[in-house]
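Asks: To be precise about what I am sending: the file is called structure.txt and holds compact mmCIF, C-alpha atoms.
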# COMPACT_ATOMS: atom_id res chain seq x y z
CA MET A 758 -54.91 70.97 14.59
CA THR A 759 -54.29 72.17 18.14
CA LYS A 760 -50.76 73.47 18.54
CA TYR A 761 -48.76 72.50 21.62
CA THR A 762 -45.67 74.40 22.70
CA ASP A 763 -42.66 73.00 24.49
CA GLN A 764 -42.53 75.00 27.74
CA GLY A 765 -38.91 73.94 28.28
CA LYS A 766 -37.43 70.48 28.29
CA GLN A 767 -37.56 68.61 31.61
CA ASP A 768 -37.14 64.99 32.61
CA THR A 769 -40.27 63.12 33.62
CA ARG A 770 -38.51 61.67 36.69
CA SER A 771 -38.32 65.24 38.01
CA GLY A 772 -42.08 65.43 37.58
CA TYR A 773 -42.30 62.48 39.94
CA GLY A 774 -40.00 64.24 42.39
CA ALA A 775 -42.13 67.37 42.25
CA GLY A 776 -45.25 65.31 42.87
CA MET A 777 -43.65 63.59 45.84
CA THR A 778 -42.65 66.96 47.31
CA GLU A 779 -46.27 68.10 47.15
CA LEU A 780 -47.58 64.84 48.59
CA GLY A 781 -45.11 65.17 51.43
CA ARG A 782 -46.74 68.46 52.35
CA THR A 783 -50.36 67.46 51.81
CA ASN A 784 -50.81 63.74 52.53
CA PRO A 785 -49.34 62.50 55.83
CA ASN A 786 -49.95 58.85 54.92
CA VAL A 787 -47.60 58.92 51.93
CA VAL A 788 -44.22 57.32 52.60
CA ALA A 789 -41.32 56.84 50.20
CA LEU A 790 -39.01 53.86 49.80
CA CYS A 791 -35.95 53.78 47.57
CA ALA A 792 -33.42 51.19 46.48
CA ASP A 793 -30.27 53.32 46.67
CA LEU A 794 -31.29 55.71 43.86
CA VAL A 795 -32.47 58.88 45.62
CA GLY A 796 -30.71 61.16 43.15
CA SER A 797 -32.10 59.35 40.13
CA LEU A 798 -35.66 59.49 41.51
CA LYS A 799 -35.42 63.22 42.38
CA ILE A 800 -36.97 62.78 45.84
CA GLN A 801 -34.37 64.57 47.98
CA THR A 802 -36.77 67.41 48.87
CA PHE A 803 -39.35 64.90 50.12
CA ILE A 804 -36.66 63.28 52.25
CA ASP A 805 -35.38 66.57 53.64
CA GLU A 806 -38.86 67.67 54.64
CA ASN A 807 -40.11 64.26 55.82
CA PRO A 808 -37.13 62.22 57.06
CA GLU A 809 -39.32 60.03 59.25
CA ARG A 810 -41.40 59.05 56.21
CA PHE A 811 -38.50 57.86 54.07
CA PHE A 812 -36.96 54.38 54.07
CA GLN A 813 -33.66 53.75 52.30
CA ILE A 814 -33.76 50.03 51.58
CA GLY A 815 -30.51 49.81 49.64
CA ILE A 816 -29.91 47.48 46.73
CA ALA A 817 -32.56 45.02 47.93
CA GLU A 818 -35.52 45.62 45.64
CA ALA A 819 -37.41 42.46 46.56
CA ASN A 820 -37.20 43.41 50.22
CA MET A 821 -38.45 46.89 49.33
CA MET A 822 -41.62 45.46 47.80
CA GLY A 823 -42.26 43.29 50.84
CA ILE A 824 -41.78 46.21 53.21
CA ALA A 825 -44.08 48.37 51.08
CA ALA A 826 -46.79 45.72 51.20
CA GLY A 827 -46.47 45.58 54.98
CA LEU A 828 -46.69 49.34 55.36
CA THR A 829 -50.12 49.38 53.71
CA ILE A 830 -51.53 47.26 56.52
CA GLY A 831 -50.94 50.18 58.87
CA GLY A 832 -52.72 52.60 56.54
CA LYS A 833 -49.64 54.05 54.88
CA ILE A 834 -49.44 54.73 51.15
CA PRO A 835 -45.97 53.55 50.11
CA PHE A 836 -44.29 54.82 46.94
CA THR A 837 -41.39 52.57 45.92
CA GLY A 838 -38.66 53.96 43.70
CA THR A 839 -35.95 52.48 41.51
CA PHE A 840 -35.18 51.93 37.82
CA ALA A 841 -38.00 50.33 35.79
CA ASN A 842 -35.93 47.20 35.20
CA PHE A 843 -35.44 46.66 38.91
CA SER A 844 -39.01 47.76 39.73
CA THR A 845 -40.52 44.96 37.67
CA GLY A 846 -38.31 42.23 36.21
CA ARG A 847 -36.13 41.81 39.27
CA VAL A 848 -39.04 41.70 41.72
CA TYR A 849 -41.94 40.28 39.74
CA ASP A 850 -42.59 37.44 42.17
CA GLN A 851 -42.79 39.81 45.14
CA ILE A 852 -45.12 42.18 43.28
CA ARG A 853 -47.38 39.33 42.21
CA GLN A 854 -47.54 37.49 45.51
CA SER A 855 -47.26 40.28 48.11
CA ILE A 856 -48.89 43.25 46.34
CA ALA A 857 -51.16 42.37 43.41
CA TYR A 858 -52.64 39.14 44.80
CA SER A 859 -53.84 40.83 47.97
CA ASP A 860 -54.63 44.20 46.33
CA LYS A 861 -52.16 46.12 48.46
CA ASN A 862 -52.18 49.91 48.08
CA VAL A 863 -48.58 50.14 46.84
CA LYS A 864 -47.43 52.63 44.20
CA ILE A 865 -44.57 51.12 42.18
CA CYS A 866 -42.78 54.12 40.69
CA ALA A 867 -40.25 53.34 38.01
CA SER A 868 -37.71 55.65 36.41
CA HIS A 869 -35.28 55.15 33.51
CA ALA A 870 -37.73 53.10 31.42
CA GLY A 871 -37.15 52.17 27.79
CA VAL A 872 -34.15 52.79 25.54
CA THR A 873 -33.93 56.46 26.52
CA LEU A 874 -32.05 55.32 29.59
CA GLY A 875 -29.26 55.60 27.04
CA GLU A 876 -25.66 54.75 27.72
CA ASP A 877 -26.32 52.28 30.57
CA GLY A 878 -27.25 49.76 27.89
CA ALA A 879 -29.46 46.71 27.43
CA THR A 880 -29.20 45.32 30.96
CA HIS A 881 -30.89 48.44 32.33
CA GLN A 882 -33.23 49.28 29.42
CA ILE A 883 -36.35 47.29 30.14
CA LEU A 884 -38.74 47.13 27.17
CA GLU A 885 -41.17 44.56 28.53
CA ASP A 886 -42.27 46.14 31.81
CA ILE A 887 -45.67 47.39 30.60
CA GLY A 888 -46.53 43.86 29.48
CA LEU A 889 -45.40 42.36 32.78
CA MET A 890 -47.42 44.79 34.86
CA LYS A 891 -50.60 45.02 32.79
CA MET A 892 -51.03 41.25 33.00
CA LEU A 893 -51.29 41.35 36.80
CA PRO A 894 -54.96 41.34 37.88
CA GLY A 895 -55.95 44.62 39.50
CA MET A 896 -52.76 46.48 38.55
CA THR A 897 -53.19 49.99 37.16
CA VAL A 898 -50.50 50.93 34.60
CA ILE A 899 -49.67 54.58 33.88
CA ASN A 900 -47.07 56.01 31.49
CA PRO A 901 -47.23 59.85 31.41
CA CYS A 902 -45.75 61.91 28.60
CA ASP A 903 -44.00 64.90 30.19
CA PHE A 904 -42.97 66.61 33.45
CA ASN A 905 -46.35 68.21 34.13
CA GLN A 906 -48.32 65.06 33.44
CA THR A 907 -45.98 62.93 35.56
CA LYS A 908 -46.41 65.28 38.51
CA ALA A 909 -50.20 65.21 38.06
CA ALA A 910 -50.17 61.41 37.82
CA THR A 911 -48.09 61.11 40.99
CA LEU A 912 -50.68 63.17 42.87
CA ALA A 913 -53.57 61.21 41.36
CA ILE A 914 -52.34 57.74 42.24
CA ALA A 915 -52.07 58.70 45.91
CA GLU A 916 -55.86 59.12 45.87
CA HIS A 917 -56.45 55.83 44.02
CA HIS A 918 -56.78 52.72 46.15
CA GLY A 919 -54.96 49.69 44.82
CA PRO A 920 -51.60 48.78 43.26
CA VAL A 921 -50.27 51.12 40.58
CA TYR A 922 -47.30 50.95 38.23
CA LEU A 923 -46.13 54.47 37.31
CA ARG A 924 -43.50 54.52 34.55
CA PHE A 925 -41.34 57.51 33.63
CA GLY A 926 -37.96 58.32 32.13
CA ARG A 927 -34.49 59.78 32.41
CA PRO A 928 -33.94 62.25 29.52
CA LYS A 929 -35.13 65.82 29.31
CA VAL A 930 -38.03 65.92 26.88
CA ALA A 931 -40.61 68.45 25.76
CA ASN A 932 -42.90 69.68 28.56
CA PHE A 933 -46.10 70.68 26.80
CA THR A 934 -49.20 69.67 28.80
CA PRO A 935 -50.93 72.14 31.17
CA VAL A 936 -49.32 72.87 34.52
CA ASP A 937 -52.67 72.76 36.31
CA GLN A 938 -54.08 69.69 34.54
CA LYS A 939 -56.45 67.30 36.27
CA PHE A 940 -55.18 63.76 35.82
CA GLU A 941 -57.99 61.26 35.42
CA ILE A 942 -56.85 57.64 35.61
CA GLY A 943 -58.18 55.62 32.67
CA LYS A 944 -59.20 58.64 30.59
CA ALA A 945 -57.43 59.22 27.28
CA LEU A 946 -56.76 62.75 26.08
CA VAL A 947 -57.47 63.80 22.49
CA LEU A 948 -54.66 66.28 21.81
CA SER A 949 -55.64 67.01 18.23
CA GLU A 950 -58.69 66.06 16.21
CA GLY A 951 -58.47 64.62 12.72
CA THR A 952 -60.32 62.52 10.17
CA ASP A 953 -57.71 60.60 8.14
CA VAL A 954 -55.69 58.63 10.73
CA THR A 955 -55.51 58.06 14.49
CA ILE A 956 -52.22 58.02 16.39
CA VAL A 957 -52.51 56.56 19.89
CA ALA A 958 -49.31 57.23 21.81
CA THR A 959 -47.92 56.94 25.31
CA GLY A 960 -44.94 58.32 27.22
CA HIS A 961 -42.13 59.95 25.27
CA LEU A 962 -43.82 59.07 21.97
CA VAL A 963 -46.71 61.49 22.56
CA TRP A 964 -44.61 64.56 21.73
CA GLU A 965 -43.05 62.74 18.78
CA SER A 966 -46.59 61.98 17.56
CA LEU A 967 -47.52 65.65 17.73
CA LEU A 968 -44.44 66.54 15.70
CA ALA A 969 -45.36 63.88 13.15
CA ALA A 970 -48.96 65.11 13.04
CA GLU A 971 -47.82 68.65 12.31
CA ALA A 972 -45.64 67.49 9.43
CA LEU A 973 -48.45 65.32 8.05
CA GLU A 974 -50.94 68.20 8.30
CA ASN A 975 -48.59 70.16 6.02
CA GLN A 976 -49.06 67.33 3.51
CA GLY A 977 -52.84 67.65 3.75
CA ILE A 978 -53.37 64.67 6.06
CA SER A 979 -55.79 65.19 8.97
CA VAL A 980 -54.35 63.47 12.07
CA GLU A 981 -56.02 62.66 15.37
CA VAL A 982 -53.52 62.28 18.23
CA ILE A 983 -54.59 60.58 21.45
CA ASP A 984 -52.46 60.57 24.60
CA ILE A 985 -52.92 57.20 26.30
CA HIS A 986 -51.32 57.93 29.65
CA THR A 987 -53.21 55.06 31.30
CA ILE A 988 -52.53 51.77 29.56
CA LYS A 989 -54.59 49.83 32.08
CA PRO A 990 -57.49 50.43 32.48
CA LEU A 991 -57.50 51.38 28.80
CA ASP A 992 -59.93 53.99 27.50
CA GLU A 993 -61.41 51.67 24.89
CA GLU A 994 -64.30 54.01 24.15
CA ALA A 995 -61.95 56.80 23.00
CA ILE A 996 -59.97 54.42 20.77
CA ILE A 997 -63.04 52.88 19.16
CA LYS A 998 -64.68 56.26 18.58
CA SER A 999 -61.58 57.59 16.85
CA ALA A 1000 -61.00 54.45 14.77
CA LYS A 1001 -64.57 54.59 13.49
CA LYS A 1002 -63.94 58.16 12.36
CA THR A 1003 -60.51 57.76 10.74
CA GLY A 1004 -60.47 54.14 9.61
CA CYS A 1005 -56.83 53.43 10.50
CA VAL A 1006 -54.58 53.54 13.57
CA VAL A 1007 -50.90 53.88 14.47
CA SER A 1008 -49.83 52.99 18.00
CA ALA A 1009 -46.60 54.51 19.33
CA GLU A 1010 -44.67 53.49 22.43
CA GLU A 1011 -41.14 53.11 23.81
CA HIS A 1012 -41.65 49.43 24.55
CA ASN A 1013 -41.64 46.06 22.82
CA PHE A 1014 -44.53 45.68 20.38
CA LEU A 1015 -45.23 42.40 22.16
CA GLY A 1016 -47.23 43.09 25.31
CA GLY A 1017 -47.38 46.87 25.18
CA LEU A 1018 -49.93 49.56 24.38
CA GLY A 1019 -50.17 48.49 20.75
CA GLU A 1020 -51.34 45.00 21.67
CA SER A 1021 -53.98 46.40 24.01
CA VAL A 1022 -55.19 48.67 21.22
CA SER A 1023 -55.27 45.85 18.65
CA ARG A 1024 -57.23 43.62 21.04
CA THR A 1025 -59.75 46.41 21.53
CA LEU A 1026 -60.11 46.96 17.79
CA ALA A 1027 -60.33 43.24 17.02
CA MET A 1028 -63.17 42.83 19.51
CA HIS A 1029 -65.16 45.96 18.69
CA HIS A 1030 -64.15 47.53 15.36
CA PRO A 1031 -61.49 45.75 13.27
CA THR A 1032 -59.20 48.44 11.86
CA PRO A 1033 -55.81 48.48 10.06
CA GLN A 1034 -53.03 49.24 12.53
CA GLU A 1035 -49.28 49.86 12.39
CA PHE A 1036 -47.00 49.55 15.43
CA ILE A 1037 -44.26 51.98 16.44
CA ALA A 1038 -42.33 50.01 19.07
CA THR A 1039 -39.22 47.91 19.43
CA GLN A 1040 -39.41 44.70 17.44
CA ASP A 1041 -38.76 41.91 19.96
CA THR A 1042 -35.22 43.03 20.71
CA PHE A 1043 -33.05 44.18 23.56
CA GLY A 1044 -31.60 47.68 23.51
CA GLU A 1045 -27.95 48.73 23.49
CA SER A 1046 -25.71 51.52 24.66
CA GLY A 1047 -26.01 54.92 22.97
CA THR A 1048 -27.49 58.36 23.43
CA PRO A 1049 -31.28 58.50 23.75
CA GLU A 1050 -31.53 60.24 20.38
CA GLN A 1051 -29.35 57.65 18.64
CA LEU A 1052 -31.37 54.79 20.08
CA MET A 1053 -34.75 56.32 19.28
CA GLU A 1054 -33.54 56.77 15.71
CA LYS A 1055 -32.14 53.25 15.39
CA TYR A 1056 -35.19 51.52 16.83
CA GLY A 1057 -37.70 53.65 14.90
CA LEU A 1058 -39.20 55.47 17.88
CA ASN A 1059 -39.40 59.04 16.64
CA ASN A 1060 -41.56 61.41 14.60
CA LYS A 1061 -40.07 60.32 11.28
CA ALA A 1062 -40.94 56.69 11.94
CA ILE A 1063 -44.45 57.69 12.98
CA GLU A 1064 -44.89 59.67 9.75
CA ALA A 1065 -43.85 56.66 7.70
CA ALA A 1066 -46.21 54.38 9.63
CA VAL A 1067 -49.11 56.77 9.01
CA LEU A 1068 -48.50 56.79 5.25
CA LYS A 1069 -48.27 53.01 5.30
CA VAL A 1070 -51.43 52.37 7.29
CA MET A 1071 -53.50 54.82 5.25
CA LYS A 1072 -52.87 52.66 2.18
CA ARG A 1073 -54.46 49.73 4.03
CA LYS A 1074 -57.82 51.41 4.58
Would you write the structure of this file as structure tokens?
Replies:
Amino acid sequence: MTKYTDQGKQDTRSGYGAGMTELGRTNPNVVALCADLVGSLKIQTFIDENPERFFQIGIAEANMMGIAAGLTIGGKIPFTGTFANFSTGRVYDQIRQSIAYSDKNVKICASHAGVTLGEDGATHQILEDIGLMKMLPGMTVINPCDFNQTKAATLAIAEHHGPVYLRFGRPKVANFTPVDQKFEIGKALVLSEGTDVTIVATGHLVWESLLAAEALENQGISVEVIDIHTIKPLDEEAIIKSAKKTGCVVSAEEHNFLGGLGESVSRTLAMHHPTPQEFIATQDTFGESGTPEQLMEKYGLNNKAIEAAVLKVMKRK
């Protein structure tokens, strides 16, 4: 098994901020919009260096999406920024009608996704955003796993034409992927090769999957871990190839099991290679207030839960 090392915990939202800083210096068409959350989105350096390319919309998220759609007509590449809940649920009609329907080149960048938002509680912890966004025709959906990958994804989506939903988080988590990585939209990454079970994971659950894989390897179980940073378009070929080799799959995500990565994986398997699968995800519930660690533990979104799911699914082969 390939060993990955935590290079020092960082929040993925800061990866977005770092990516925006670089885009500010390299791509003059990139503009940033924010709904009164500059500090939370870590884009102050972009603003300081490019004040004429920043638009503070205030707490008017629907208006922000409309303005972003309009800016694309003039050749700009708008990056909108607010919490994931307000980036999707609050403005779904505007995204559908003004952005997705007409294939506008808007990058919807969403921080504070999932239960790891923590103490702000259920009203801010959206767990259905991946489902909402992946169902929109033409929408690309990306959920990177650490600081480095989030920065790389931010740079990559600026070069991709069409609407994109980029999802990232608030807490400081392991930063373990290469600094100089090339981010390829729609291409899964096999982080470790194995023969007994496949774990397909996204976002914060990728590192937890690697921790689980290491513990399982110590029990003599050979684990394949795949980082699905792009949920749509999904790398079906990588999933099918791995499932054929291992014979069972665990999907892991910080999202409702309804509508998320796991459902996309199960659809792929049902159509091409029916395979036993277990789901690490929230079970059709809202979140609550608590520390990220407490909530990940309560809702079964950590390495221990992944270990248990692996042992369970292997019995179903």
Asks: A:Ala1000, A:Ile985, A:Ala945, A:Ala931: which is nearest Leu1018 of chain A, counting all atoms listed in the file?
Replies: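 For Leu1018 of chain A, the nearest of the given residues is A:Ile985.
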Asks: Interatomic distance between atom CA of Ala915 of chain A and atom CA of Asn784 of chain A?
Replies: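 Taking atom CA of Ala915 of chain A as the start and atom CA of Asn784 of chain A as the end point, the length is 8.4 Å.
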Asks: Between A:Lys1002, A:Arg927, A:Arg853, A:His918, which one has atoms that come closest to Glu876 of chain A, using all atoms listed in the file?
Replies: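 Looking only at the distances to Glu876 of chain A, the closest residue turns out to be A:Arg927.
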Asks: If the box runs along x, y and z of the file and leaves 5 Å on each side of segment 799-802 of chain A, what are its centre and edge lengths in Å, one decimal, as lines of an AutoDock Vina configuration file?
Replies:
center_x = -35.7
center_y = 65.1
center_z = 45.6
size_x = 12.6
size_y = 14.6
size_z = 16.5
Asks: What residues have an atom no more than 9 Å from (-36.3, 65.8, 48.5) in the file's own frame, counting all atoms listed in the file, and can you write them as a count of residues only?
Replies: 14
